[in-house]
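Structure file input08.pdb; described as PDB, C-alpha atoms, pLDDT in the B column.
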```pdb
ATOM      1  CA  MET A   1     113.875-225.015-158.657  1.00 49.00           C
ATOM      2  CA  SER A   2     110.355-225.721-157.437  1.00 54.00           C
ATOM      3  CA  LEU A   3     107.619-223.197-157.075  1.00 54.00           C
ATOM      4  CA  PHE A   4     107.730-223.513-153.298  1.00 54.00           C
ATOM      5  CA  ASN A   5     111.359-222.373-153.211  1.00 59.00           C
ATOM      6  CA  PHE A   6     110.581-219.451-155.475  1.00 59.00           C
ATOM      7  CA  PHE A   7     107.836-218.223-153.178  1.00 60.00           C
ATOM      8  CA  ASN A   8     109.808-218.903-149.980  1.00 59.00           C
ATOM      9  CA  LYS A   9     112.770-216.943-151.403  1.00 57.00           C
ATOM     10  CA  GLN A  10     110.429-214.032-152.026  1.00 56.00           C
ATOM     11  CA  ARG A  11     109.787-213.724-148.305  1.00 54.00           C
ATOM     12  CA  THR A  12     112.187-211.022-147.093  1.00 51.00           C
ATOM     13  CA  THR A  13     110.547-210.345-143.742  1.00 52.00           C
ATOM     14  CA  ALA A  14     110.512-212.774-140.846  1.00 50.00           C
ATOM     15  CA  PRO A  15     107.808-215.363-141.587  1.00 53.00           C
ATOM     16  CA  ALA A  16     105.144-213.700-139.380  1.00 58.00           C
ATOM     17  CA  ALA A  17     101.882-215.650-139.553  1.00 65.00           C
ATOM     18  CA  ARG A  18     100.379-213.697-142.421  1.00 77.00           C
ATOM     19  CA  GLU A  19      97.957-214.894-144.985  1.00 87.00           C
ATOM     20  CA  ARG A  20      99.155-214.130-148.455  1.00 90.00           C
ATOM     21  CA  LEU A  21      98.229-214.823-152.066  1.00 92.00           C
ATOM     22  CA  GLN A  22     100.796-214.504-154.824  1.00 93.00           C
ATOM     23  CA  ILE A  23     100.123-214.703-158.528  1.00 92.00           C
ATOM     24  CA  LEU A  24     102.780-214.807-161.186  1.00 93.00           C
ATOM     25  CA  LEU A  25     101.772-214.643-164.819  1.00 92.00           C
ATOM     26  CA  ALA A  26     104.077-214.840-167.821  1.00 91.00           C
ATOM     27  CA  HIS A  27     103.118-214.534-171.468  1.00 90.00           C
ATOM     28  CA  GLU A  28     105.787-215.742-173.860  1.00 89.00           C
ATOM     29  CA  ARG A  29     105.065-214.515-177.372  1.00 84.00           C
ATOM     30  CA  ALA A  30     106.198-216.353-180.489  1.00 80.00           C
ATOM     31  CA  GLU A  31     106.718-212.991-182.179  1.00 74.00           C
ATOM     32  CA  ILE A  32     107.499-209.454-181.096  1.00 70.00           C
ATOM     33  CA  GLY A  33     104.609-207.003-181.145  1.00 67.00           C
ATOM     34  CA  GLN A  34     101.808-209.451-180.481  1.00 69.00           C
ATOM     35  CA  SER A  35      99.084-208.369-178.052  1.00 73.00           C
ATOM     36  CA  ASP A  36     100.020-208.462-174.368  1.00 76.00           C
ATOM     37  CA  LEU A  37      97.809-211.021-172.688  1.00 82.00           C
ATOM     38  CA  VAL A  38      99.126-210.191-169.231  1.00 84.00           C
ATOM     39  CA  ALA A  39      97.818-206.619-169.332  1.00 81.00           C
ATOM     40  CA  VAL A  40      94.437-207.882-170.565  1.00 82.00           C
ATOM     41  CA  LEU A  41      94.100-210.536-167.828  1.00 88.00           C
ATOM     42  CA  ARG A  42      95.313-208.460-164.899  1.00 87.00           C
ATOM     43  CA  GLU A  43      92.080-206.755-163.826  1.00 89.00           C
ATOM     44  CA  GLU A  44      89.890-209.773-164.492  1.00 91.00           C
ATOM     45  CA  ILE A  45      92.067-212.054-162.361  1.00 90.00           C
ATOM     46  CA  LEU A  46      92.000-209.515-159.527  1.00 89.00           C
ATOM     47  CA  ALA A  47      88.199-209.385-159.879  1.00 91.00           C
ATOM     48  CA  VAL A  48      87.978-213.201-159.612  1.00 92.00           C
ATOM     49  CA  ILE A  49      89.995-213.101-156.392  1.00 90.00           C
ATOM     50  CA  ALA A  50      87.949-210.227-154.954  1.00 90.00           C
ATOM     51  CA  ARG A  51      84.814-212.351-155.434  1.00 91.00           C
ATOM     52  CA  HIS A  52      86.219-214.901-152.980  1.00 89.00           C
ATOM     53  CA  VAL A  53      88.225-213.003-150.383  1.00 86.00           C
ATOM     54  CA  PRO A  54      87.971-209.475-149.016  1.00 86.00           C
ATOM     55  CA  ILE A  55      90.815-207.497-150.603  1.00 86.00           C
ATOM     56  CA  ASN A  56      92.214-204.234-149.272  1.00 87.00           C
ATOM     57  CA  ARG A  57      93.627-202.436-152.334  1.00 85.00           C
ATOM     58  CA  ASP A  58      96.377-200.943-150.159  1.00 89.00           C
ATOM     59  CA  LYS A  59      97.648-204.468-149.502  1.00 90.00           C
ATOM     60  CA  VAL A  60      97.855-205.392-153.192  1.00 90.00           C
ATOM     61  CA  LYS A  61     101.282-205.013-154.835  1.00 92.00           C
ATOM     62  CA  VAL A  62     101.293-205.301-158.634  1.00 90.00           C
ATOM     63  CA  LYS A  63     104.440-205.386-160.759  1.00 91.00           C
ATOM     64  CA  MET A  64     104.311-205.658-164.543  1.00 89.00           C
ATOM     65  CA  ASP A  65     107.224-206.050-166.909  1.00 89.00           C
ATOM     66  CA  ARG A  66     107.311-206.236-170.681  1.00 87.00           C
ATOM     67  CA  LYS A  67     110.233-207.332-172.828  1.00 85.00           C
ATOM     68  CA  ASP A  68     110.200-208.113-176.554  1.00 82.00           C
ATOM     69  CA  GLN A  69     108.814-211.597-176.293  1.00 84.00           C
ATOM     70  CA  MET A  70     107.888-211.986-172.637  1.00 87.00           C
ATOM     71  CA  SER A  71     105.542-210.052-170.377  1.00 89.00           C
ATOM     72  CA  THR A  72     105.190-210.827-166.708  1.00 91.00           C
ATOM     73  CA  LEU A  73     102.791-209.835-163.972  1.00 91.00           C
ATOM     74  CA  GLU A  74     103.477-210.287-160.271  1.00 92.00           C
ATOM     75  CA  VAL A  75     100.633-209.724-157.814  1.00 92.00           C
ATOM     76  CA  ASP A  76     101.239-210.012-154.080  1.00 93.00           C
ATOM     77  CA  ILE A  77      98.165-209.725-151.858  1.00 92.00           C
ATOM     78  CA  GLU A  78      98.315-209.690-148.093  1.00 91.00           C
ATOM     79  CA  LEU A  79      94.980-211.079-146.956  1.00 88.00           C
ATOM     80  CA  PRO A  80      93.277-210.042-143.731  1.00 81.00           C
ATOM     81  CA  GLN A  81      93.881-212.511-140.919  1.00 71.00           C
ATOM     82  CA  GLN A  82      91.399-215.401-140.960  1.00 60.00           C
ATOM     83  CA  ALA A  83      90.193-214.257-144.422  1.00 57.00           C
ATOM     84  CA  ALA A  84      87.118-216.475-144.569  1.00 60.00           C
ATOM     85  CA  LEU A  85      85.982-217.122-148.136  1.00 64.00           C
ATOM     86  CA  LEU A  86      83.125-214.879-149.208  1.00 65.00           C
ATOM     87  CA  THR A  87      81.641-217.763-151.180  1.00 61.00           C
ATOM     88  CA  ALA A  88      80.868-220.955-149.242  1.00 56.00           C
ATOM     89  CA  HIS A  89      82.834-224.033-150.528  1.00 52.00           C
TER      90      HIS A  89
ATOM     91  CA  MET B   1     115.920-214.449-158.430  1.00 49.00           C
ATOM     92  CA  SER B   2     113.615-212.545-160.772  1.00 54.00           C
ATOM     93  CA  LEU B   3     110.467-213.903-162.282  1.00 54.00           C
ATOM     94  CA  PHE B   4     112.037-213.929-165.753  1.00 54.00           C
ATOM     95  CA  ASN B   5     114.733-216.332-164.591  1.00 59.00           C
ATOM     96  CA  PHE B   6     112.158-218.566-162.970  1.00 59.00           C
ATOM     97  CA  PHE B   7     110.167-218.857-166.174  1.00 60.00           C
ATOM     98  CA  ASN B   8     113.224-219.196-168.412  1.00 59.00           C
ATOM     99  CA  LYS B   9     114.539-221.986-166.173  1.00 57.00           C
ATOM    100  CA  GLN B  10     111.213-223.777-166.618  1.00 56.00           C
ATOM    101  CA  ARG B  11     111.901-224.103-170.355  1.00 54.00           C
ATOM    102  CA  THR B  12     113.386-227.579-170.770  1.00 51.00           C
ATOM    103  CA  THR B  13     112.934-227.881-174.531  1.00 52.00           C
ATOM    104  CA  ALA B  14     114.816-225.831-177.116  1.00 50.00           C
ATOM    105  CA  PRO B  15     113.239-222.363-177.221  1.00 53.00           C
ATOM    106  CA  ALA B  16     111.108-223.049-180.338  1.00 57.00           C
ATOM    107  CA  ALA B  17     108.949-220.006-181.232  1.00 65.00           C
ATOM    108  CA  ARG B  18     105.917-221.081-179.230  1.00 77.00           C
ATOM    109  CA  GLU B  19     103.391-218.899-177.594  1.00 87.00           C
ATOM    110  CA  ARG B  20     102.919-219.799-173.990  1.00 90.00           C
ATOM    111  CA  LEU B  21     101.074-218.556-170.906  1.00 92.00           C
ATOM    112  CA  GLN B  22     102.190-219.610-167.449  1.00 93.00           C
ATOM    113  CA  ILE B  23     100.362-218.929-164.211  1.00 92.00           C
ATOM    114  CA  LEU B  24     101.752-219.617-160.778  1.00 93.00           C
ATOM    115  CA  LEU B  25      99.512-219.134-157.771  1.00 92.00           C
ATOM    116  CA  ALA B  26     100.521-219.593-154.154  1.00 91.00           C
ATOM    117  CA  HIS B  27      98.293-219.252-151.116  1.00 90.00           C
ATOM    118  CA  GLU B  28     100.202-218.964-147.862  1.00 89.00           C
ATOM    119  CA  ARG B  29      97.871-219.570-144.932  1.00 84.00           C
ATOM    120  CA  ALA B  30      98.411-218.069-141.488  1.00 79.00           C
ATOM    121  CA  GLU B  31      97.043-221.265-139.966  1.00 74.00           C
ATOM    122  CA  ILE B  32      96.802-224.908-140.948  1.00 70.00           C
ATOM    123  CA  GLY B  33      93.402-226.128-142.071  1.00 66.00           C
ATOM    124  CA  GLN B  34      92.129-222.873-143.516  1.00 69.00           C
ATOM    125  CA  SER B  35      90.245-223.035-146.825  1.00 73.00           C
ATOM    126  CA  ASP B  36      92.371-223.549-149.922  1.00 76.00           C
ATOM    127  CA  LEU B  37      92.001-220.491-152.105  1.00 82.00           C
ATOM    128  CA  VAL B  38      94.054-221.996-154.923  1.00 83.00           C
ATOM    129  CA  ALA B  39      91.569-224.818-155.525  1.00 81.00           C
ATOM    130  CA  VAL B  40      88.711-222.315-155.475  1.00 82.00           C
ATOM    131  CA  LEU B  41      90.353-219.919-157.954  1.00 88.00           C
ATOM    132  CA  ARG B  42      91.659-222.481-160.417  1.00 87.00           C
ATOM    133  CA  GLU B  43      88.654-222.978-162.682  1.00 89.00           C
ATOM    134  CA  GLU B  44      87.630-219.322-162.623  1.00 91.00           C
ATOM    135  CA  ILE B  45      91.082-218.157-163.680  1.00 90.00           C
ATOM    136  CA  LEU B  46      91.116-220.693-166.525  1.00 89.00           C
ATOM    137  CA  ALA B  47      87.672-219.382-167.552  1.00 91.00           C
ATOM    138  CA  VAL B  48      88.970-215.782-167.607  1.00 92.00           C
ATOM    139  CA  ILE B  49      91.813-216.843-169.902  1.00 90.00           C
ATOM    140  CA  ALA B  50      89.509-218.851-172.176  1.00 90.00           C
ATOM    141  CA  ARG B  51      87.428-215.699-172.696  1.00 91.00           C
ATOM    142  CA  HIS B  52      90.451-214.003-174.302  1.00 89.00           C
ATOM    143  CA  VAL B  53      92.402-216.687-176.138  1.00 86.00           C
ATOM    144  CA  PRO B  54      91.360-219.974-177.769  1.00 86.00           C
ATOM    145  CA  ILE B  55      92.502-222.729-175.409  1.00 86.00           C
ATOM    146  CA  ASN B  56      93.009-226.356-176.402  1.00 87.00           C
ATOM    147  CA  ARG B  57      92.441-228.325-173.155  1.00 85.00           C
ATOM    148  CA  ASP B  58      95.037-230.875-174.314  1.00 89.00           C
ATOM    149  CA  LYS B  59      97.655-228.111-174.231  1.00 90.00           C
ATOM    150  CA  VAL B  60      96.868-227.074-170.658  1.00 90.00           C
ATOM    151  CA  LYS B  61      99.095-228.566-167.941  1.00 92.00           C
ATOM    152  CA  VAL B  62      97.864-228.029-164.374  1.00 89.00           C
ATOM    153  CA  LYS B  63      99.842-228.973-161.283  1.00 91.00           C
ATOM    154  CA  MET B  64      98.479-228.394-157.772  1.00 89.00           C
ATOM    155  CA  ASP B  65     100.290-228.971-154.526  1.00 89.00           C
ATOM    156  CA  ARG B  66      99.104-228.559-150.960  1.00 87.00           C
ATOM    157  CA  LYS B  67     101.269-228.469-147.850  1.00 85.00           C
ATOM    158  CA  ASP B  68     100.202-227.465-144.317  1.00 82.00           C
ATOM    159  CA  GLN B  69     100.401-223.739-144.803  1.00 83.00           C
ATOM    160  CA  MET B  70     101.043-223.297-148.505  1.00 86.00           C
ATOM    161  CA  SER B  71      99.111-224.391-151.577  1.00 89.00           C
ATOM    162  CA  THR B  72     100.389-223.792-155.081  1.00 91.00           C
ATOM    163  CA  LEU B  73      98.936-224.029-158.545  1.00 91.00           C
ATOM    164  CA  GLU B  74     101.013-224.112-161.715  1.00 92.00           C
ATOM    165  CA  VAL B  75      99.223-223.767-165.055  1.00 92.00           C
ATOM    166  CA  ASP B  76     101.180-223.983-168.302  1.00 93.00           C
ATOM    167  CA  ILE B  77      99.211-223.279-171.477  1.00 92.00           C
ATOM    168  CA  GLU B  78     100.659-223.616-174.942  1.00 91.00           C
ATOM    169  CA  LEU B  79      98.713-221.187-177.086  1.00 88.00           C
ATOM    170  CA  PRO B  80      97.987-221.762-180.760  1.00 81.00           C
ATOM    171  CA  GLN B  81     100.399-219.872-183.017  1.00 71.00           C
ATOM    172  CA  GLN B  82      99.288-216.288-183.630  1.00 60.00           C
ATOM    173  CA  ALA B  83      96.642-216.647-180.898  1.00 57.00           C
ATOM    174  CA  ALA B  84      94.759-213.455-181.709  1.00 60.00           C
ATOM    175  CA  LEU B  85      92.778-212.189-178.729  1.00 63.00           C
ATOM    176  CA  LEU B  86      89.106-213.181-178.911  1.00 65.00           C
ATOM    177  CA  THR B  87      88.191-209.812-177.401  1.00 61.00           C
ATOM    178  CA  ALA B  88      89.411-206.731-179.273  1.00 55.00           C
ATOM    179  CA  HIS B  89      91.812-204.544-177.144  1.00 52.00           C
TER     180      HIS B  89
END
```
Same coordinates, now as structure tokens:
Amino acid sequence: MSLFNFFNKQRTTAPAARERLQILLAHERAEIGQSDLVAVLREEILAVIARHVPINRDKVKVKMDRKDQMSTLEVDIELPQQAALLTAH
Amino acid sequence: MSLFNFFNKQRTTAPAARERLQILLAHERAEIGQSDLVAVLREEILAVIARHVPINRDKVKVKMDRKDQMSTLEVDIELPQQAALLTAH
């Protein structure tokens, strides 16, 4: 299944013209008990995004999950309409 | 379908005990032609990761895809065994 399908499946509401950024992160550990990279990266990745687009913290959904050998992070950010980049590119 | 299934489905080889980090990023634009956030974020997110774990650029697979209203980035990083975090946590 391609990434596009995964993200399109995620859309439960009618596809209103919203601007949206989704991040999925998975850390597969060779052994149980190793440090959890996902928890470490979470805030820094959000900070990188916030440097480029205005983010309203109320519109940021974060879901973290940790199993023995896999941790995952799902971040779903609804961006303001016409979210022009803060940094010129 | 949950995120775990998505990542487990991605595993084509036998589940050897490898340490792996996967990042999926999707930018859904309200209108065609808006700036592509995924391309902008790509290098900075890789830099955030490289601050925390030793990354061998040969073990980093990056796939980017851009359609009218959706851009996606898939990054698959095989981490060295026992990849201790560079930054103490």
*With a cut-off of 6 Å and counting all atoms listed in the file, select all residues of chain A in contact with chain B and give the selection as a list in words.*
Ala17, Arg18, Glu19, Arg20, Leu21, Gln22, Ile23, Leu24, Leu25, Ala26, His27, Glu28, Arg29 and Ala30 of chain A
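Note that the spacing between atom CA of B:Pro54 and atom CA of A:Asp68 amounts to 22.3 Å.
The coordinates place atom CA of B:Val62 at 11.3 Å from atom CA of B:Ala39.
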*Work out how far apart atom CA of A:Asp58 and atom CA of B:Ile32 are and give it in Å to one decimal.*
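Computed distance, atom CA of A:Asp58 to atom CA of B:Ile32, equals 25.7 Å.
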Could you work out an axis-aligned bounding box for all listed atoms of stretch 52-63 of chain B, with 5 Å added on each of the six sides, and give its centre and edge lengths in Å to one decimal, as lines of an AutoDock Vina configuration file?
```
center_x = 95.1
center_y = -222.4
center_z = -169.5
size_x = 19.4
size_y = 26.9
size_z = 26.5
```
